[in-house]
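See below for structure-v9.pdb, which holds PDB, C-alpha atoms.
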```
ATOM      1  CA  HIS H   1     -50.531  19.373 -70.921
ATOM      2  CA  LYS H   2     -50.355  15.846 -72.290
ATOM      3  CA  GLY H   3     -47.103  16.696 -74.088
ATOM      4  CA  ILE H   4     -45.610  18.096 -70.894
ATOM      5  CA  LEU H   5     -46.708  15.050 -68.904
ATOM      6  CA  GLY H   6     -45.325  12.690 -71.558
ATOM      7  CA  LYS H   7     -42.024  14.529 -71.600
ATOM      8  CA  GLY H   8     -41.849  14.419 -67.798
ATOM      9  CA  ARG H   9     -42.578  10.694 -67.842
ATOM     10  CA  ASP H  10     -39.793  10.135 -70.401
ATOM     11  CA  ILE H  11     -37.314  12.087 -68.252
ATOM     12  CA  THR H  12     -38.328  10.121 -65.158
ATOM     13  CA  GLU H  13     -37.920   6.794 -66.969
ATOM     14  CA  GLN H  14     -34.527   7.878 -68.275
ATOM     15  CA  ARG H  15     -33.412   8.858 -64.779
ATOM     16  CA  ILE H  16     -34.548   5.476 -63.437
ATOM     17  CA  ALA H  17     -32.682   3.693 -66.223
ATOM     18  CA  ASP H  18     -29.548   5.783 -65.580
ATOM     19  CA  ALA H  19     -29.736   5.051 -61.838
ATOM     20  CA  ALA H  20     -30.137   1.314 -62.522
ATOM     21  CA  LEU H  21     -27.133   1.410 -64.869
ATOM     22  CA  ARG H  22     -24.984   3.196 -62.275
ATOM     23  CA  GLU H  23     -26.028   0.664 -59.618
ATOM     24  CA  SER H  24     -25.189  -2.222 -61.964
ATOM     25  CA  GLU H  25     -21.772  -0.700 -62.700
ATOM     26  CA  ARG H  26     -21.154  -0.206 -58.964
ATOM     27  CA  ARG H  27     -22.009  -3.842 -58.234
ATOM     28  CA  PHE H  28     -19.771  -5.062 -61.056
ATOM     29  CA  SER H  29     -16.884  -2.917 -59.832
ATOM     30  CA  THR H  30     -17.301  -4.200 -56.261
ATOM     31  CA  LEU H  31     -17.460  -7.817 -57.407
ATOM     32  CA  ALA H  32     -14.493  -7.452 -59.744
ATOM     33  CA  ARG H  33     -12.340  -6.011 -56.964
ATOM     34  CA  GLN H  34     -13.072  -9.006 -54.723
ATOM     35  CA  LEU H  35     -12.432 -11.730 -57.295
ATOM     36  CA  PRO H  36      -9.185 -13.769 -56.929
ATOM     37  CA  VAL H  37      -8.561 -13.528 -60.693
ATOM     38  CA  GLY H  38      -7.499 -10.648 -62.890
ATOM     39  CA  VAL H  39     -10.462  -8.852 -64.467
ATOM     40  CA  PHE H  40     -10.436  -6.114 -67.077
ATOM     41  CA  GLU H  41     -12.888  -4.347 -69.361
ATOM     42  CA  THR H  42     -12.310  -2.707 -72.738
ATOM     43  CA  ASP H  43     -14.382  -0.655 -75.140
ATOM     44  CA  SER H  44     -15.514  -2.003 -78.516
ATOM     45  CA  ALA H  45     -12.104  -1.153 -80.026
ATOM     46  CA  GLY H  46     -10.237  -3.171 -77.394
ATOM     47  CA  GLN H  47      -8.978  -0.171 -75.416
ATOM     48  CA  LEU H  48      -8.737  -1.091 -71.721
ATOM     49  CA  SER H  49     -10.809   1.114 -69.434
ATOM     50  CA  PHE H  50     -10.838  -0.879 -66.166
ATOM     51  CA  ALA H  51      -8.580  -3.400 -64.394
ATOM     52  CA  ASN H  52      -9.144  -4.858 -60.931
ATOM     53  CA  GLU H  53      -6.600  -4.964 -58.106
ATOM     54  CA  ARG H  54      -5.621  -8.580 -58.825
ATOM     55  CA  LEU H  55      -4.606  -7.679 -62.380
ATOM     56  CA  LEU H  56      -2.641  -4.680 -61.133
ATOM     57  CA  ARG H  57      -0.691  -7.000 -58.803
ATOM     58  CA  LEU H  58      -0.136  -9.603 -61.520
ATOM     59  CA  THR H  59       1.330  -7.038 -63.905
ATOM     60  CA  GLY H  60       2.908  -4.658 -61.402
ATOM     61  CA  ARG H  61       1.367  -1.758 -63.356
ATOM     62  CA  THR H  62      -1.093   1.019 -62.558
ATOM     63  CA  GLN H  63      -4.509   1.614 -64.115
ATOM     64  CA  GLU H  64      -2.980   4.425 -66.157
ATOM     65  CA  GLN H  65      -0.177   2.185 -67.471
ATOM     66  CA  LEU H  66      -2.628  -0.567 -68.474
ATOM     67  CA  ALA H  67      -5.140   1.811 -70.062
ATOM     68  CA  GLY H  68      -5.699   1.742 -73.806
ATOM     69  CA  ASN H  69      -3.328  -0.789 -75.355
ATOM     70  CA  GLY H  70      -0.882  -0.529 -72.457
ATOM     71  CA  TRP H  71      -2.068  -3.850 -70.993
ATOM     72  CA  LEU H  72      -0.647  -5.709 -73.987
ATOM     73  CA  MET H  73       2.857  -4.662 -72.919
ATOM     74  CA  SER H  74       2.493  -6.944 -69.875
ATOM     75  CA  VAL H  75       2.362  -9.979 -72.164
ATOM     76  CA  HIS H  76       5.749 -11.723 -72.406
ATOM     77  CA  ALA H  77       7.709 -10.506 -75.435
ATOM     78  CA  GLU H  78       7.928 -14.040 -76.849
ATOM     79  CA  ASP H  79       4.136 -14.465 -76.652
ATOM     80  CA  ARG H  80       3.019 -10.941 -77.496
ATOM     81  CA  ALA H  81       2.922 -10.989 -81.316
ATOM     82  CA  GLU H  82       0.819 -14.157 -81.513
ATOM     83  CA  PHE H  83      -1.469 -12.975 -78.705
ATOM     84  CA  VAL H  84      -2.020  -9.579 -80.344
ATOM     85  CA  ARG H  85      -2.874 -11.264 -83.660
ATOM     86  CA  ALA H  86      -5.424 -13.497 -81.903
ATOM     87  CA  TRP H  87      -6.848 -10.487 -80.027
ATOM     88  CA  HIS H  88      -7.251  -8.450 -83.210
ATOM     89  CA  ALA H  89      -8.946 -11.422 -84.894
ATOM     90  CA  ALA H  90     -11.393 -11.657 -81.966
ATOM     91  CA  LEU H  91     -12.068  -7.907 -82.212
ATOM     92  CA  GLY H  92     -12.653  -8.148 -85.965
ATOM     93  CA  ALA H  93     -15.149 -10.968 -85.512
ATOM     94  CA  ALA H  94     -16.660  -9.571 -82.291
ATOM     95  CA  GLY H  95     -15.887 -13.007 -80.857
ATOM     96  CA  THR H  96     -14.170 -14.633 -77.923
ATOM     97  CA  LEU H  97     -10.498 -15.291 -77.181
ATOM     98  CA  SER H  98      -9.050 -18.090 -75.065
ATOM     99  CA  ARG H  99      -5.276 -18.397 -74.668
ATOM    100  CA  GLU H 100      -2.631 -19.483 -72.172
ATOM    101  CA  VAL H 101      -0.006 -16.785 -72.104
ATOM    102  CA  ARG H 102       2.837 -15.493 -69.964
ATOM    103  CA  LEU H 103       2.668 -12.156 -68.156
ATOM    104  CA  VAL H 104       5.714 -10.260 -66.962
ATOM    105  CA  GLY H 105       5.033  -8.810 -63.521
ATOM    106  CA  PRO H 106       6.915  -6.909 -60.824
ATOM    107  CA  ARG H 107      10.712  -7.266 -60.903
ATOM    108  CA  GLY H 108      10.472  -9.344 -64.071
ATOM    109  CA  MET H 109       8.541 -12.189 -62.441
ATOM    110  CA  VAL H 110       6.807 -14.356 -65.055
ATOM    111  CA  ALA H 111       3.334 -15.792 -64.440
ATOM    112  CA  TRP H 112       1.377 -18.137 -66.679
ATOM    113  CA  VAL H 113      -2.281 -17.132 -67.014
ATOM    114  CA  ALA H 114      -5.324 -18.579 -68.751
ATOM    115  CA  CYS H 115      -6.796 -15.584 -70.575
ATOM    116  CA  ARG H 116     -10.456 -15.595 -71.608
ATOM    117  CA  ILE H 117     -12.062 -12.564 -73.262
ATOM    118  CA  ALA H 118     -15.707 -12.333 -74.332
ATOM    119  CA  PRO H 119     -17.780  -9.523 -75.870
ATOM    120  CA  LEU H 120     -20.303  -7.519 -73.851
ATOM    121  CA  ARG H 121     -23.352  -7.091 -76.092
ATOM    122  CA  ASP H 122     -26.156  -4.550 -76.075
ATOM    123  CA  GLY H 123     -29.838  -5.300 -76.553
ATOM    124  CA  ASN H 124     -29.324  -5.567 -80.312
ATOM    125  CA  GLY H 125     -26.482  -8.065 -80.027
ATOM    126  CA  ARG H 126     -23.748  -5.570 -80.940
ATOM    127  CA  ALA H 127     -20.423  -5.795 -79.091
ATOM    128  CA  MET H 128     -20.164  -2.649 -76.980
ATOM    129  CA  GLY H 129     -17.038  -3.791 -75.162
ATOM    130  CA  TYR H 130     -15.146  -6.823 -73.884
ATOM    131  CA  LEU H 131     -14.710  -8.465 -70.494
ATOM    132  CA  GLY H 132     -11.461 -10.309 -69.801
ATOM    133  CA  ILE H 133     -10.531 -12.834 -67.100
ATOM    134  CA  LEU H 134      -6.911 -13.758 -66.294
ATOM    135  CA  ASP H 135      -6.495 -16.825 -64.072
ATOM    136  CA  ASP H 136      -3.006 -17.527 -62.678
ATOM    137  CA  ILE H 137      -2.046 -21.093 -63.722
ATOM    138  CA  SER H 138       1.651 -20.876 -62.821
ATOM    139  CA  GLU H 139       1.452 -23.737 -60.305
ATOM    140  CA  ARG H 140      -0.182 -26.014 -62.883
ATOM    141  CA  LYS H 141       2.494 -25.167 -65.441
ATOM    142  CA  GLN H 142       5.220 -25.893 -62.884
ATOM    143  CA  ALA H 143       3.615 -29.261 -62.100
ATOM    144  CA  GLU H 144       3.485 -30.079 -65.824
ATOM    145  CA  ALA H 145       7.168 -29.182 -66.217
ATOM    146  CA  LEU H 146       8.073 -31.353 -63.208
ATOM    147  CA  ARG H 147       6.112 -34.264 -64.650
ATOM    148  CA  GLU H 148       7.940 -33.899 -67.966
ATOM    149  CA  ASP H 149      11.277 -33.925 -66.118
ATOM    150  CA  VAL H 150      10.283 -37.115 -64.275
ATOM    151  CA  GLU H 151       9.211 -38.717 -67.558
ATOM    152  CA  ALA H 152      12.577 -37.826 -69.075
ATOM    153  CA  VAL H 153      14.409 -39.404 -66.128
ATOM    154  CA  VAL H 154      12.298 -42.559 -66.370
ATOM    155  CA  ARG H 155      12.725 -42.767 -70.123
ATOM    156  CA  HIS H 156      16.452 -42.126 -70.332
ATOM    157  CA  ASP H 157      17.945 -42.929 -66.930
ATOM    158  CA  LEU H 158      15.931 -46.084 -66.245
ATOM    159  CA  LYS H 159      14.548 -47.458 -69.490
ATOM    160  CA  SER H 160      17.733 -47.117 -71.531
ATOM    161  CA  PRO H 161      19.987 -49.050 -69.087
ATOM    162  CA  LEU H 162      17.393 -51.817 -68.838
ATOM    163  CA  SER H 163      17.285 -52.129 -72.606
ATOM    164  CA  GLY H 164      21.076 -52.410 -72.525
ATOM    165  CA  MET H 165      20.879 -55.160 -69.905
ATOM    166  CA  GLN H 166      18.404 -57.047 -72.070
ATOM    167  CA  SER H 167      20.810 -56.897 -75.015
ATOM    168  CA  ALA H 168      23.710 -58.004 -72.813
ATOM    169  CA  LEU H 169      21.746 -61.056 -71.658
ATOM    170  CA  ASP H 170      21.108 -61.992 -75.283
ATOM    171  CA  LEU H 171      24.862 -61.810 -75.978
ATOM    172  CA  LEU H 172      25.635 -64.424 -73.324
ATOM    173  CA  ASP H 173      24.933 -67.146 -75.895
ATOM    174  CA  LEU H 174      28.018 -66.007 -77.834
ATOM    175  CA  LEU H 175      30.283 -66.875 -74.904
ATOM    176  CA  GLY H 176      29.619 -70.577 -75.293
ATOM    177  CA  PRO H 177      27.245 -73.134 -73.843
ATOM    178  CA  LEU H 178      25.730 -72.159 -70.508
ATOM    179  CA  THR H 179      25.236 -74.535 -67.626
ATOM    180  CA  ALA H 180      21.715 -75.301 -66.471
ATOM    181  CA  GLU H 181      22.206 -73.020 -63.480
ATOM    182  CA  GLN H 182      23.502 -70.161 -65.678
ATOM    183  CA  GLN H 183      20.575 -70.590 -68.046
ATOM    184  CA  GLN H 184      18.172 -70.386 -65.101
ATOM    185  CA  VAL H 185      19.811 -67.204 -63.808
ATOM    186  CA  ARG H 186      19.735 -65.685 -67.283
ATOM    187  CA  GLY H 187      16.034 -66.573 -67.666
ATOM    188  CA  GLU H 188      15.167 -65.012 -64.313
ATOM    189  CA  ALA H 189      17.146 -61.881 -65.188
ATOM    190  CA  ARG H 190      15.362 -61.634 -68.556
ATOM    191  CA  ASP H 191      11.971 -61.949 -66.884
ATOM    192  CA  LEU H 192      12.882 -59.268 -64.350
ATOM    193  CA  VAL H 193      14.117 -56.866 -67.037
ATOM    194  CA  ARG H 194      11.022 -57.542 -69.156
ATOM    195  CA  ARG H 195       8.681 -56.829 -66.233
ATOM    196  CA  MET H 196      10.514 -53.638 -65.286
ATOM    197  CA  LEU H 197      10.473 -52.413 -68.894
ATOM    198  CA  GLY H 198       6.755 -53.178 -69.053
ATOM    199  CA  LEU H 199       6.069 -51.209 -65.869
ATOM    200  CA  ILE H 200       8.117 -48.246 -67.096
ATOM    201  CA  THR H 201       6.357 -48.266 -70.488
ATOM    202  CA  LEU H 202       2.981 -48.469 -68.746
ATOM    203  CA  SER H 203       3.806 -45.562 -66.445
ATOM    204  CA  LEU H 204       4.915 -43.431 -69.425
ATOM    205  CA  ASP H 205       1.725 -44.319 -71.326
ATOM    206  CA  LEU H 206      -0.448 -43.406 -68.320
ATOM    207  CA  ALA H 207       1.373 -40.076 -67.960
ATOM    208  CA  ALA H 208       0.832 -39.386 -71.660
ATOM    209  CA  ILE H 209      -2.890 -40.218 -71.385
ATOM    210  CA  GLU H 210      -3.227 -37.941 -68.346
ATOM    211  CA  ALA H 211      -1.529 -35.105 -70.237
ATOM    212  CA  GLY H 212      -3.695 -35.714 -73.319
ATOM    213  CA  ARG H 213      -0.738 -36.663 -75.499
ATOM    214  CA  TYR H 214      -1.563 -40.333 -76.145
TER     215      TYR H 214
END
```

Before anything else, please render the file you have as structure tokens.
Amino acid sequence: HKGILGKGRDITEQRIADAALRESERRFSTLARQLPVGVFETDSAGQLSFANERLLRLTGRTQEQLAGNGWLMSVHAEDRAEFVRAWHAALGAAGTLSREVRLVGPRGMVAWVACRIAPLRDGNGRAMGYLGILDDISERKQAEALREDVEAVVRHDLKSPLSGMQSALDLLDLLGPLTAEQQQVRGEARDLVRRMLGLITLSLDLAAIEAGRY
């Protein structure tokens, strides 16, 4: 009787554990569907088994098309080889992956995403799968590109002419002696050019510091 009771207890505990696991999976699925970022899950070999609605919209693909290694085909062709190498390295080390990469979505639309993938570990610390998050950073990338364009305009369309003006003022001495009034005008012009060049250089330095390039 004790053996039968023990076996019954084991079955009951297993059923409770299975029910808890199913409830946990249901909660995860519900949460993932509501998140404003792309979410996907793979097995231990990196084969995609789940993608939320946000990821489907980002890629313009179905669950079936993303399944397995299909999700990698959504990575921009110019980024794919490097991304796949990094992904395989993460799989080999059972580690994490963090990359900014381009996705090709519906009608060829390109979106920049910050991709972060981390292993899901069992009670013994073994990677039993991976959870990935894809956050759309297209607006940030567009702002960075706009800032670079503005820097280029400031550097070339403003700074270069001012440098030329400064050189031209220095050449005035070759035209012969200047009157006191001409010397005063030249001095004021030099000061103005020097201040403007200083402000432009400062603004470029601040932009570089902000972008982490200083």

Radius query 6 Å about (-16.8, -6.7, -73.8), atoms used: only C-alpha atoms, as a ChimeraX atom specification: /H:118-120,129-131

Can you pull out the residues contacting Arg140 in chain H? Cut-off 12 Å, using all atoms listed in the file, and skip same-chain residues under 4 positions away; I want them as a list in words. Glu100, Ala111, Trp112, Val113, Ala114, Asp135, Asp136, Glu144, Ala145, Leu146, Arg147 and Ala211 of chain H

Please, what is the axis-aligned box for every listed atom of range 189-202 of chain H with 3 Å on each side, as centre and edge lengths in Å to one decimal, as lines of an AutoDock Vina configuration file?
```
center_x = 10.1
center_y = -55.1
center_z = -67.4
size_x = 20.2
size_y = 19.7
size_z = 12.1
```

When distances are computed from all atoms listed in the file, which of H:Val37, H:Ala143, H:Ala51, H:Leu72 shows the smallest separation from Arg102 in chain H?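 Looking at the shortest contact to Arg102 in chain H, the residue is H:Leu72.
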
A straight line from CA of Gly60 in chain H to CA of Ile117 in chain H spans 20.7 Å

By how many Å are CA of Arg99 in chain H and CA of Arg116 in chain H apart? 6.6 Å

Expressed in Å, the length from CA of Ser138 in chain H to CA of Ile200 in chain H is 28.4 Å
